[in-house]
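Enquirer: Sending over upload05.txt (compact mmCIF, C-alpha atoms and all ligand atoms).
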```txt
# COMPACT_ATOMS: atom_id res chain seq x y z
CA MET A 296 -49.79 5.83 -7.54
CA LEU A 297 -47.34 4.81 -10.23
CA SER A 298 -43.74 4.17 -9.24
CA THR A 299 -41.23 6.50 -10.88
CA MET A 300 -38.52 3.87 -10.58
CA THR A 301 -37.25 2.48 -13.85
CA ALA A 302 -35.28 -0.68 -14.30
CA LYS A 303 -31.77 -0.14 -15.63
CA PRO A 304 -30.53 -2.57 -18.25
CA VAL A 305 -27.22 -4.15 -17.26
CA ASP A 306 -24.81 -5.33 -19.94
CA ALA A 307 -24.50 -9.11 -19.49
CA THR A 308 -21.42 -9.26 -21.69
CA ASN A 309 -19.46 -7.21 -19.15
CA ARG A 310 -20.28 -9.77 -16.50
CA ALA A 311 -18.95 -12.58 -18.66
CA ARG A 312 -15.78 -10.65 -19.51
CA ILE A 313 -15.06 -9.83 -15.86
CA ALA A 314 -15.63 -13.48 -14.97
CA GLY A 315 -13.27 -14.58 -17.76
CA LEU A 316 -10.48 -12.35 -16.51
CA GLY A 317 -11.14 -13.32 -12.90
CA ALA A 318 -11.06 -17.03 -13.73
CA ARG A 319 -7.78 -16.55 -15.56
CA VAL A 320 -6.16 -14.87 -12.52
CA LEU A 321 -7.57 -17.55 -10.22
CA GLY A 322 -5.98 -20.16 -12.47
CA GLY A 323 -2.56 -18.58 -12.03
CA GLY A 324 -2.64 -16.46 -15.18
CA ALA A 325 -2.18 -12.74 -15.61
CA ILE A 326 -4.11 -9.91 -17.20
CA VAL A 327 -2.44 -7.43 -19.53
CA ARG A 328 -2.59 -3.63 -19.38
CA ASP A 329 -5.46 -3.22 -21.89
CA GLU A 330 -7.57 -5.72 -20.01
CA ALA A 331 -6.77 -4.05 -16.69
CA LEU A 332 -7.60 -0.63 -18.11
CA TRP A 333 -10.98 -1.92 -19.20
CA LEU A 334 -11.61 -2.98 -15.59
CA PHE A 335 -10.49 0.42 -14.27
CA HIS A 336 -12.99 2.08 -16.64
CA LEU A 337 -16.03 0.06 -15.52
CA GLU A 338 -18.70 2.58 -14.55
CA ASP A 339 -21.89 0.69 -13.87
CA SER A 340 -22.28 -0.22 -10.21
CA ALA A 341 -23.54 -3.71 -11.13
CA ASP A 342 -20.30 -4.29 -13.05
CA VAL A 343 -18.19 -2.87 -10.22
CA PHE A 344 -19.84 -5.23 -7.73
CA ASP A 345 -19.13 -8.16 -10.06
CA LEU A 346 -15.52 -7.02 -10.13
CA LEU A 347 -15.38 -6.82 -6.33
CA SER A 348 -16.81 -10.28 -6.01
CA TRP A 349 -14.07 -11.70 -8.27
CA ALA A 350 -11.39 -9.73 -6.45
CA ASN A 351 -12.68 -11.24 -3.21
CA ARG A 352 -12.42 -14.75 -4.73
CA ILE A 353 -8.85 -14.04 -5.85
CA ARG A 354 -7.93 -12.79 -2.36
CA GLU A 355 -9.50 -15.87 -0.77
CA HIS A 356 -7.73 -18.16 -3.22
CA PHE A 357 -4.25 -16.73 -2.67
CA LYS A 358 -4.54 -15.44 0.90
CA GLY A 359 -7.27 -17.47 2.60
CA ASN A 360 -8.75 -15.53 5.49
CA LYS A 361 -5.41 -14.13 6.72
CA ILE A 362 -5.04 -10.39 7.07
CA HIS A 363 -1.63 -8.82 7.54
CA LEU A 364 -1.66 -5.92 10.03
CA CYS A 365 1.00 -3.21 10.17
CA SER A 366 1.44 -0.12 12.28
CA ILE A 367 3.89 2.76 12.08
CA VAL A 368 5.81 5.03 14.39
CA ASN A 369 6.67 8.51 13.23
CA ALA A 370 10.37 8.22 14.04
CA LYS A 371 11.31 11.73 12.92
CA ALA A 372 8.57 14.26 12.24
CA GLY A 373 8.22 17.32 10.06
CA ALA A 374 10.66 19.82 8.52
CA CYS A 375 11.30 17.53 5.56
CA SER A 376 13.40 18.97 2.74
CA GLU A 377 11.15 17.43 0.07
CA ASN A 378 8.08 19.02 -1.53
CA CYS A 379 5.66 16.08 -1.90
CA SER A 380 2.37 17.84 -2.63
CA PHE A 381 0.26 15.59 -0.43
CA CYS A 382 2.44 15.68 2.67
CA ALA A 383 1.88 17.55 5.93
CA GLN A 384 5.54 17.10 6.88
CA SER A 385 7.15 18.99 4.01
CA SER A 386 8.97 22.17 5.02
CA PHE A 387 7.55 23.79 1.86
CA TYR A 388 4.04 24.05 3.36
CA GLN A 389 2.50 25.57 6.48
CA THR A 390 0.46 22.72 7.90
CA GLY A 391 0.99 22.98 11.66
CA SER A 392 2.23 19.38 11.70
CA PRO A 393 4.52 18.48 14.65
CA LYS A 394 8.30 18.56 14.27
CA TYR A 395 10.79 16.53 16.29
CA GLY A 396 14.13 14.76 15.87
CA PHE A 397 14.88 11.04 15.73
CA VAL A 398 12.88 8.98 18.18
CA ASP A 399 14.25 7.59 21.49
CA PRO A 400 14.10 3.87 22.24
CA GLU A 401 11.13 4.05 24.65
CA PRO A 402 8.34 5.10 22.25
CA VAL A 403 9.47 2.43 19.81
CA GLN A 404 9.34 -0.27 22.47
CA GLU A 405 5.93 0.96 23.60
CA ALA A 406 4.65 0.80 20.01
CA ALA A 407 6.05 -2.73 19.64
CA ALA A 408 4.38 -3.89 22.86
CA GLU A 409 1.04 -2.38 21.84
CA ALA A 410 1.32 -3.89 18.36
CA ASN A 411 2.09 -7.30 19.80
CA GLN A 412 -0.89 -7.09 22.12
CA ASN A 413 -3.14 -6.34 19.14
CA GLY A 414 -1.73 -9.11 16.93
CA VAL A 415 -0.04 -6.64 14.60
CA THR A 416 2.70 -8.26 12.52
CA ALA A 417 5.02 -5.32 11.90
CA VAL A 418 5.99 -1.94 13.25
CA GLY A 419 7.55 0.44 10.78
CA LEU A 420 9.83 3.31 11.77
CA VAL A 421 9.02 6.15 9.39
CA ALA A 422 11.23 9.22 9.09
CA ALA A 423 10.37 12.53 7.41
CA TRP A 424 13.55 13.30 5.55
CA LYS A 425 14.87 12.93 2.04
CA GLY A 426 16.91 9.84 2.72
CA LEU A 427 19.65 8.18 4.62
CA ASN A 428 23.43 8.20 4.14
CA GLU A 429 26.24 6.56 6.06
CA GLY A 430 27.01 8.36 9.31
CA PRO A 431 25.79 8.78 12.91
CA MET A 432 22.11 8.89 11.92
CA LEU A 433 22.37 5.53 10.17
CA ASP A 434 24.07 4.18 13.33
CA GLU A 435 21.17 5.42 15.42
CA VAL A 436 18.55 4.00 13.05
CA CYS A 437 20.30 0.61 13.09
CA GLU A 438 20.36 0.73 16.88
CA ARG A 439 16.57 1.28 17.02
CA VAL A 440 16.05 -1.59 14.56
CA ARG A 441 18.26 -3.93 16.60
CA GLU A 442 16.30 -3.03 19.76
CA LEU A 443 13.03 -3.70 17.98
CA LYS A 444 14.26 -7.04 16.67
CA ALA A 445 15.71 -8.05 20.05
CA GLY A 446 12.32 -7.36 21.64
CA GLY A 447 10.97 -10.12 19.37
CA LYS A 448 7.47 -8.72 19.47
CA THR A 449 7.06 -7.50 15.91
CA ARG A 450 8.74 -7.53 12.54
CA PRO A 451 11.04 -4.49 12.33
CA ASP A 452 10.25 -2.48 9.20
CA VAL A 453 11.44 0.98 8.22
CA SER A 454 10.59 3.70 5.75
CA LEU A 455 13.56 6.05 5.58
CA GLY A 456 13.43 7.63 2.16
CA ILE A 457 15.96 7.55 -0.61
CA ILE A 458 19.06 5.37 -0.38
CA LYS A 459 21.89 6.16 -2.73
CA SER A 460 24.41 3.59 -1.60
CA GLN A 461 24.28 -0.19 -1.49
CA ARG A 462 26.25 -0.11 1.77
CA VAL A 463 23.38 1.68 3.55
CA ALA A 464 20.89 -0.95 2.40
CA ASP A 465 23.27 -3.73 3.45
CA ARG A 466 23.73 -2.22 6.89
CA LEU A 467 19.98 -1.95 7.40
CA LYS A 468 19.66 -5.62 6.47
CA GLU A 469 22.44 -6.56 8.92
CA ALA A 470 20.65 -4.62 11.67
CA GLY A 471 17.51 -6.70 11.09
CA VAL A 472 15.29 -4.74 8.71
CA GLU A 473 13.01 -7.20 6.94
CA CYS A 474 10.80 -4.92 4.91
CA TYR A 475 11.34 -1.33 3.67
CA GLY A 476 8.50 1.03 2.81
CA HIS A 477 9.16 3.15 -0.26
CA ASN A 478 6.16 4.09 -2.36
CA LEU A 479 6.33 4.84 -6.05
CA GLU A 480 3.40 7.18 -5.18
CA SER A 481 1.87 7.17 -8.69
CA SER A 482 2.71 6.45 -12.31
CA ARG A 483 5.97 7.65 -13.81
CA ARG A 484 3.90 10.12 -15.89
CA PHE A 485 2.13 11.68 -12.89
CA PHE A 486 5.01 11.54 -10.40
CA PRO A 487 6.44 15.00 -11.27
CA GLN A 488 3.10 16.51 -10.26
CA THR A 489 3.51 15.04 -6.78
CA CYS A 490 7.16 15.99 -6.17
CA THR A 491 9.99 17.84 -7.89
CA THR A 492 12.78 17.60 -5.30
CA HIS A 493 13.53 14.00 -6.20
CA THR A 494 12.60 11.75 -9.09
CA TYR A 495 10.76 8.55 -9.81
CA ASP A 496 14.10 7.07 -10.84
CA ASP A 497 15.60 7.97 -7.43
CA ARG A 498 12.86 5.82 -5.96
CA LEU A 499 13.48 2.93 -8.34
CA GLU A 500 17.21 3.09 -7.60
CA THR A 501 16.51 2.88 -3.85
CA ILE A 502 14.31 -0.16 -4.38
CA GLY A 503 17.09 -1.75 -6.43
CA HIS A 504 19.59 -1.36 -3.55
CA LEU A 505 17.08 -2.77 -1.06
CA LYS A 506 16.29 -5.82 -3.16
CA LYS A 507 19.97 -6.49 -3.67
CA ALA A 508 20.41 -6.39 0.10
CA GLY A 509 17.66 -9.01 0.46
CA ILE A 510 15.10 -6.67 2.03
CA LYS A 511 11.41 -7.14 1.19
CA ILE A 512 9.71 -4.24 -0.54
CA CYS A 513 6.61 -2.43 0.70
CA SER A 514 5.71 -0.06 -2.13
CA GLY A 515 2.45 1.38 -3.34
CA GLY A 516 1.02 4.80 -3.82
CA ILE A 517 -1.69 7.34 -3.21
CA ILE A 518 -4.90 7.62 -5.18
CA GLY A 519 -7.03 10.74 -5.43
CA MET A 520 -4.17 13.14 -6.16
CA GLY A 521 -5.60 14.11 -9.56
CA GLU A 522 -4.11 11.17 -11.44
CA THR A 523 -6.08 9.36 -14.15
CA ARG A 524 -7.25 5.76 -14.11
CA GLU A 525 -4.45 5.06 -16.59
CA ASP A 526 -1.97 6.35 -14.00
CA ARG A 527 -3.40 4.02 -11.36
CA CYS A 528 -3.19 1.11 -13.79
CA ASP A 529 0.42 1.97 -14.69
CA LEU A 530 1.32 2.24 -11.00
CA ALA A 531 -0.04 -1.27 -10.37
CA PHE A 532 1.95 -2.71 -13.27
CA ALA A 533 5.09 -0.87 -12.14
CA LEU A 534 4.67 -2.38 -8.67
CA LYS A 535 4.34 -5.79 -10.26
CA GLU A 536 7.52 -5.19 -12.22
CA ILE A 537 9.58 -4.19 -9.18
CA GLY A 538 8.26 -7.21 -7.28
CA ALA A 539 6.71 -5.32 -4.36
CA ASN A 540 5.78 -7.72 -1.56
CA VAL A 541 3.38 -5.37 0.22
CA VAL A 542 1.41 -2.79 -1.76
CA PRO A 543 -0.02 0.02 0.35
CA VAL A 544 -2.94 1.83 -1.26
CA ASN A 545 -3.34 5.23 0.38
CA ILE A 546 -6.33 7.41 -0.39
CA LEU A 547 -5.56 11.12 -0.36
CA ASN A 548 -6.65 12.87 2.81
CA PRO A 549 -6.23 16.48 1.67
CA ILE A 550 -4.16 18.37 4.24
CA PRO A 551 -4.87 22.11 4.58
CA GLY A 552 -1.80 24.08 3.53
CA THR A 553 -0.60 21.53 0.96
CA PRO A 554 -1.01 21.94 -2.82
CA PHE A 555 -3.56 19.11 -2.83
CA GLU A 556 -5.70 20.62 -0.07
CA LYS A 557 -8.67 21.23 -2.37
CA ASN A 558 -8.55 17.96 -4.31
CA PRO A 559 -12.06 16.54 -4.62
CA PRO A 560 -12.48 13.13 -2.93
CA LEU A 561 -12.82 9.96 -4.96
CA SER A 562 -16.17 8.20 -4.69
CA VAL A 563 -16.29 5.12 -2.49
CA LEU A 564 -17.03 2.90 -5.49
CA GLU A 565 -14.05 4.33 -7.39
CA ILE A 566 -11.78 3.53 -4.43
CA LEU A 567 -13.12 -0.01 -4.08
CA LYS A 568 -12.86 -0.57 -7.83
CA THR A 569 -9.22 0.58 -7.76
CA ILE A 570 -8.41 -1.87 -4.95
CA ALA A 571 -10.11 -4.66 -6.92
CA CYS A 572 -8.15 -3.82 -10.07
CA PHE A 573 -4.93 -3.93 -8.03
CA ARG A 574 -5.92 -7.40 -6.80
CA PHE A 575 -6.44 -8.57 -10.39
CA ILE A 576 -3.00 -7.24 -11.40
CA LEU A 577 -1.21 -8.27 -8.18
CA PRO A 578 -2.98 -11.47 -7.12
CA ARG A 579 -0.32 -12.73 -4.68
CA GLN A 580 0.80 -9.47 -3.11
CA GLU A 581 -0.31 -8.11 0.24
CA ILE A 582 -2.56 -5.24 -0.80
CA MET A 583 -2.68 -2.99 2.22
CA ILE A 584 -5.16 -0.21 2.72
CA ALA A 585 -3.34 2.56 4.52
CA GLY A 586 -3.73 6.32 4.94
CA GLY A 587 -7.05 8.00 4.22
CA ARG A 588 -9.13 4.87 4.84
CA THR A 589 -11.39 6.19 7.58
CA VAL A 590 -12.02 9.62 6.12
CA ASN A 591 -12.67 8.42 2.57
CA LEU A 592 -14.50 5.13 3.10
CA ARG A 593 -16.37 5.83 6.32
CA ASP A 594 -19.04 3.08 6.79
CA ALA A 595 -17.78 1.20 3.73
CA GLN A 596 -14.40 0.37 5.28
CA SER A 597 -15.17 -3.30 5.72
CA MET A 598 -15.77 -3.60 1.96
CA ILE A 599 -12.04 -3.26 1.27
CA PHE A 600 -11.66 -6.99 1.88
CA MET A 601 -14.38 -7.82 -0.61
CA ALA A 602 -12.45 -5.58 -3.00
CA GLY A 603 -9.39 -7.79 -2.49
CA ALA A 604 -7.38 -6.09 0.25
CA SER A 605 -5.39 -8.53 2.39
CA ALA A 606 -3.61 -6.13 4.71
CA LEU A 607 -4.44 -3.18 6.87
CA MET A 608 -2.54 -0.31 8.42
CA VAL A 609 -3.88 0.01 11.96
CA GLY A 610 -3.36 2.64 14.60
CA ASN A 611 -2.88 6.26 13.73
CA TYR A 612 -1.14 7.36 10.55
CA LEU A 613 1.83 9.74 10.50
CA THR A 614 -0.10 12.99 10.77
CA THR A 615 -3.77 11.95 10.67
CA LEU A 616 -6.00 9.79 12.82
CA ASN A 617 -7.40 6.36 12.11
CA GLN A 618 -10.29 4.58 13.78
CA PRO A 619 -9.28 2.77 17.01
CA VAL A 620 -7.45 -0.56 16.61
CA GLU A 621 -10.18 -2.30 18.64
CA LYS A 622 -12.73 -1.29 16.02
CA ASP A 623 -10.55 -2.67 13.22
CA LEU A 624 -10.04 -5.95 15.10
CA GLN A 625 -13.80 -6.22 15.64
CA MET A 626 -14.37 -5.55 11.94
CA LEU A 627 -12.05 -8.45 11.04
CA LYS A 628 -13.72 -10.75 13.55
CA ASP A 629 -17.17 -9.90 12.23
CA LEU A 630 -16.04 -10.80 8.72
CA GLY A 631 -14.40 -14.09 9.77
CA LEU A 632 -10.95 -12.74 8.90
CA ASP A 633 -7.85 -13.74 10.84
CA PRO A 634 -5.12 -11.20 11.61
CA SER A 635 -2.64 -13.84 12.83
CA TRP A 636 -0.57 -13.64 9.67
CA ASP A 637 2.62 -15.68 9.50
CA LYS A 638 5.07 -13.17 10.91
CA HIS A 639 7.90 -13.82 8.59
CA GLY A 640 6.48 -15.50 5.56
CA PHE A 641 6.00 -14.08 2.12
CA SER A 642 6.12 -17.60 0.70
CA ASP A 643 2.53 -17.38 -0.56
CA GLN A 644 3.79 -14.86 -3.11
CA GLU A 645 6.02 -17.37 -4.82
CA GLU A 646 4.73 -18.45 -8.19
CA THR A 647 4.81 -22.05 -9.20
CA GLY A 648 5.41 -23.09 -12.77
CA CYS A 649 7.56 -21.29 -15.30
CA GLY A 650 6.53 -17.79 -14.24
CA CYS A 651 5.21 -16.78 -17.64
CA GLY A 652 1.91 -15.76 -16.07
CA ASN A 653 -0.14 -18.05 -18.29
CA GLY A 654 -1.84 -20.59 -16.06
CA ASN A 655 -2.23 -23.02 -18.95
CA CYS A 656 1.34 -22.77 -20.11
CA GLU A 657 2.65 -26.03 -21.51
CA THR A 658 6.04 -25.49 -19.92
CA SER A 659 4.66 -25.18 -16.35
CA SER A 660 6.09 -27.84 -14.11
S1 LIG B 1 6.34 12.22 1.77
FE1 LIG B 1 8.27 11.82 2.86
S2 LIG B 1 9.85 12.73 1.52
FE2 LIG B 1 7.89 13.62 0.88
S3 LIG B 1 7.70 15.53 2.07
FE3 LIG B 1 6.64 13.93 3.23
S4 LIG B 1 8.16 13.16 4.67
FE4 LIG B 1 9.28 14.29 3.07
```
In C-alpha cells, how does this file's structure come out?
Ligand code: SF4
Expert:
Amino acid sequence: MLSTMTAKPVDATNRARIAGLGARVLGGGAIVRDEALWLFHLEDSADVFDLLSWANRIREHFKGNKIHLCSIVNAKAGACSENCSFCAQSSFYQTGSPKYGFVDPEPVQEAAAEANQNGVTAVGLVAAWKGLNEGPMLDEVCERVRELKAGGKTRPDVSLGIIKSQRVADRLKEAGVECYGHNLESSRRFFPQTCTTHTYDDRLETIGHLKKAGIKICSGGIIGMGETREDRCDLAFALKEIGANVVPVNILNPIPGTPFEKNPPLSVLEILKTIACFRFILPRQEIMIAGGRTVNLRDAQSMIFMAGASALMVGNYLTTLNQPVEKDLQMLKDLGLDPSWDKHGFSDQEETGCGCGNGNCETSS
C-alpha cells in the first residue's frame, strides 16, 4: 500500500535568517521592529521550532538555568470600577467572581510562608480597584507591605492599579515595595478595545512615578484578546522602552460574562512563538508566563522555557485556577531548571557597553 504522506519542502533561507537574528541578540545586539514582525509572522512549524530553539539559547545565555517564581494574593477582590474586557472582577460584568475588602494580615503571612516553602521569590498583593490615592487605604497597604517585608520570607511586590501622585509611589517604596505590577495589557492601538475607563497614558504615567521612586517594574500584557501580531510586537517594544524588569505574558482565559467570553483560543504554537519573539526583543528581561497557562497550553506547558520564558507565576491566579505548585516544581526539576533565583537581583538585566544595542559597536567599552 502506498503511503499518502508527502514531504513538505522547508525554506532553508528562513532558517538562516532566524539564526542570523538569534546570533545578533546572543552577541548583545538588538533586532528592530521589521525584523521582529517577520518573526511574529513565521507560519511553518519547522521555522517556529527553529525560532524556539534560538529563544532557548538566548534565555540560557542571559539567564542560565535560573527560573524566577512569583505568586499573588488577591488582596481586594471584585466590584472594580473599571471595565477591562477580560476581567472577572469588573463591576460592569456578571461573572460570579468573589467580592471582599482589603485583606487582613493573616492570609498574607500564610501566602508568604507557603511561597517561601516552595522557593517562590516574590508574593504580590493584587487589588481590584482603579488605583490608589493618599489616605487610610494607602496606610493599610503600606502596613501589609511592611509586615511582608519584616517576615523576610519573600520579596514584597504589589499591583495596585493607577497611581496619579509621586508621593504615593514614594510611600510604597518607603514601606518596602520592590516591584510593582502594572501591565500595559496590549499595544497602544488595541488598548481602547480592552478598556475605556482609563487610558494607556494613565498606565504609562503610573509607571513613570514608580520608576522615579526607584521601584522595579513588572509589566506585560495579555495575548488572545483579538489583537494582531503587530499589536503583540508593538507591546513588546513598548515594554522595552519603559524598561520593564519582569514581563508577564498572560494568555486570555475567556471568562463567561465578560465581553471576551467567546474569543477563540490561540493555538499552542502561536503562543510559544509569541513568547519566543518576546525573548528576541527583550533578551535580558524576566519573561514570566502568568494567567491562562494551564488552560491554553495544557501538556505543552513545559515548552515555555524552550520558547524563552525565564519566570513563572505559580499557585492560583486571581480568579482562575493553576496547576498545583508541586507539579510546576517537578516540571522545573525534570528540565534541569533551578527556581532558586537571586531574591533581590535584577543585575543580569544591566547592559554592558554603550547601550546602543549593537553588539559590534566600536564605542562599546
Ligand atoms: S483588570 Fe484590574 S482595573 Fe481592570 S477591571 Fe480587573 S481589577 Fe479592575
Enquirer: What's the 6 Å shell around range 442-455 of chain A, counting all atoms listed in the file, without same-chain residues fewer than 5 positions away, as a ChimeraX atom specification?
Expert: /A:411,416-422,426,472-476
Enquirer: Using only C-alpha atoms, which of the listed residues (A:Gln461, A:Gln404, A:Gln412, A:Ser340) sits closest to Asp306 in chain A?
Expert: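 Closest to Asp306 in chain A, using only C-alpha atoms: A:Ser340.
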Enquirer: Would you list the residues near (-1.9, 5.2, 0.6), meaning any protein, DNA or RNA residue with an atom at most 8 Å from that point in file coordinates, counting all atoms listed in the file, as a list in words?
Expert: Gly515, Gly516, Ile517, Ile518, Pro543, Val544, Asn545, Ile546, Leu547, Ile584, Ala585, Gly586 and Gly587 of chain A
Enquirer: Just to be explicit: take each residue in the selection above, keep C-alpha atoms, and write the result as an mmCIF file, in the frame of the given file.
Expert:
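Written out: out_25.cif:
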```cif
data_model
loop_
_atom_site.group_PDB
_atom_site.id
_atom_site.type_symbol
_atom_site.label_atom_id
_atom_site.label_comp_id
_atom_site.auth_asym_id
_atom_site.auth_seq_id
_atom_site.Cartn_x
_atom_site.Cartn_y
_atom_site.Cartn_z
ATOM 1 C CA GLY A 515 2.450 1.380 -3.340
ATOM 2 C CA GLY A 516 1.020 4.800 -3.820
ATOM 3 C CA ILE A 517 -1.690 7.340 -3.210
ATOM 4 C CA ILE A 518 -4.900 7.620 -5.180
ATOM 5 C CA PRO A 543 -0.020 0.020 0.350
ATOM 6 C CA VAL A 544 -2.940 1.830 -1.260
ATOM 7 C CA ASN A 545 -3.340 5.230 0.380
ATOM 8 C CA ILE A 546 -6.330 7.410 -0.390
ATOM 9 C CA LEU A 547 -5.560 11.120 -0.360
ATOM 10 C CA ILE A 584 -5.160 -0.210 2.720
ATOM 11 C CA ALA A 585 -3.340 2.560 4.520
ATOM 12 C CA GLY A 586 -3.730 6.320 4.940
ATOM 13 C CA GLY A 587 -7.050 8.000 4.220
#
```
Enquirer: Please provide as a PyMOL selection string all residues within 12 Å of Leu467 in chain A, with the sequence filter that same-chain residues fewer than 6 positions apart are discarded (counting all atoms listed in the file).
Expert: chain A and resi 427-429+432-441+451-455+458+460-461+473-475+504-511
Enquirer: Closest to Gly324 in chain A among A:Phe575, A:Asp629, A:Thr523, A:Phe600, using only C-alpha atoms?
Expert: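 For Gly324 in chain A, the nearest of the given residues is A:Phe575.
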Enquirer: Would you mind reading off the distance between CA of Pro431 in chain A and atom FE1 of ligand LIG 1 (chain B), one decimal, in Å?
Expert: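 Atom FE1 of ligand LIG 1 (chain B) lies at a distance of 20.4 Å from CA of Pro431 in chain A.
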Enquirer: For ligand LIG 1 (chain B), which residue out of A:Gly322, A:Arg484, A:Thr553, A:Ile502 is the nearest one, using only C-alpha atoms and all ligand atoms?
Expert: A:Thr553
Enquirer: So how far away is CA of Phe573 in chain A from CA of Gln625 in chain A, in Å?
Expert: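 Answer for the CA of Gln625 in chain A to CA of Phe573 in chain A separation: 25.4 Å.
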Enquirer: Which centre and which edge lengths, in Å to one decimal, describe the axis-aligned box that holds all listed atoms of ligand LIG 1 (chain B) after 4 Å is added on each side, as lines of an AutoDock Vina configuration file?
Expert:
```
center_x = 8.1
center_y = 13.7
center_z = 2.8
size_x = 11.5
size_y = 11.7
size_z = 11.8
```
Enquirer: Could you list, as number ranges by chain, all protein and nucleic acid residues with an atom at most 12 Å from ligand LIG 1 (chain B), counting all atoms listed in the file?
Expert: A: 369-388, 390, 392-394, 421-427, 454-458, 476-480, 486, 489-494, 497-498, 516-517, 550, 553-554, 613-614
Enquirer: Quick one: distance from CA of Val542 in chain A to CA of Gln580 in chain A in Å, one decimal?
Expert: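 According to the coordinates, CA of Val542 in chain A and CA of Gln580 in chain A are separated by 6.8 Å.
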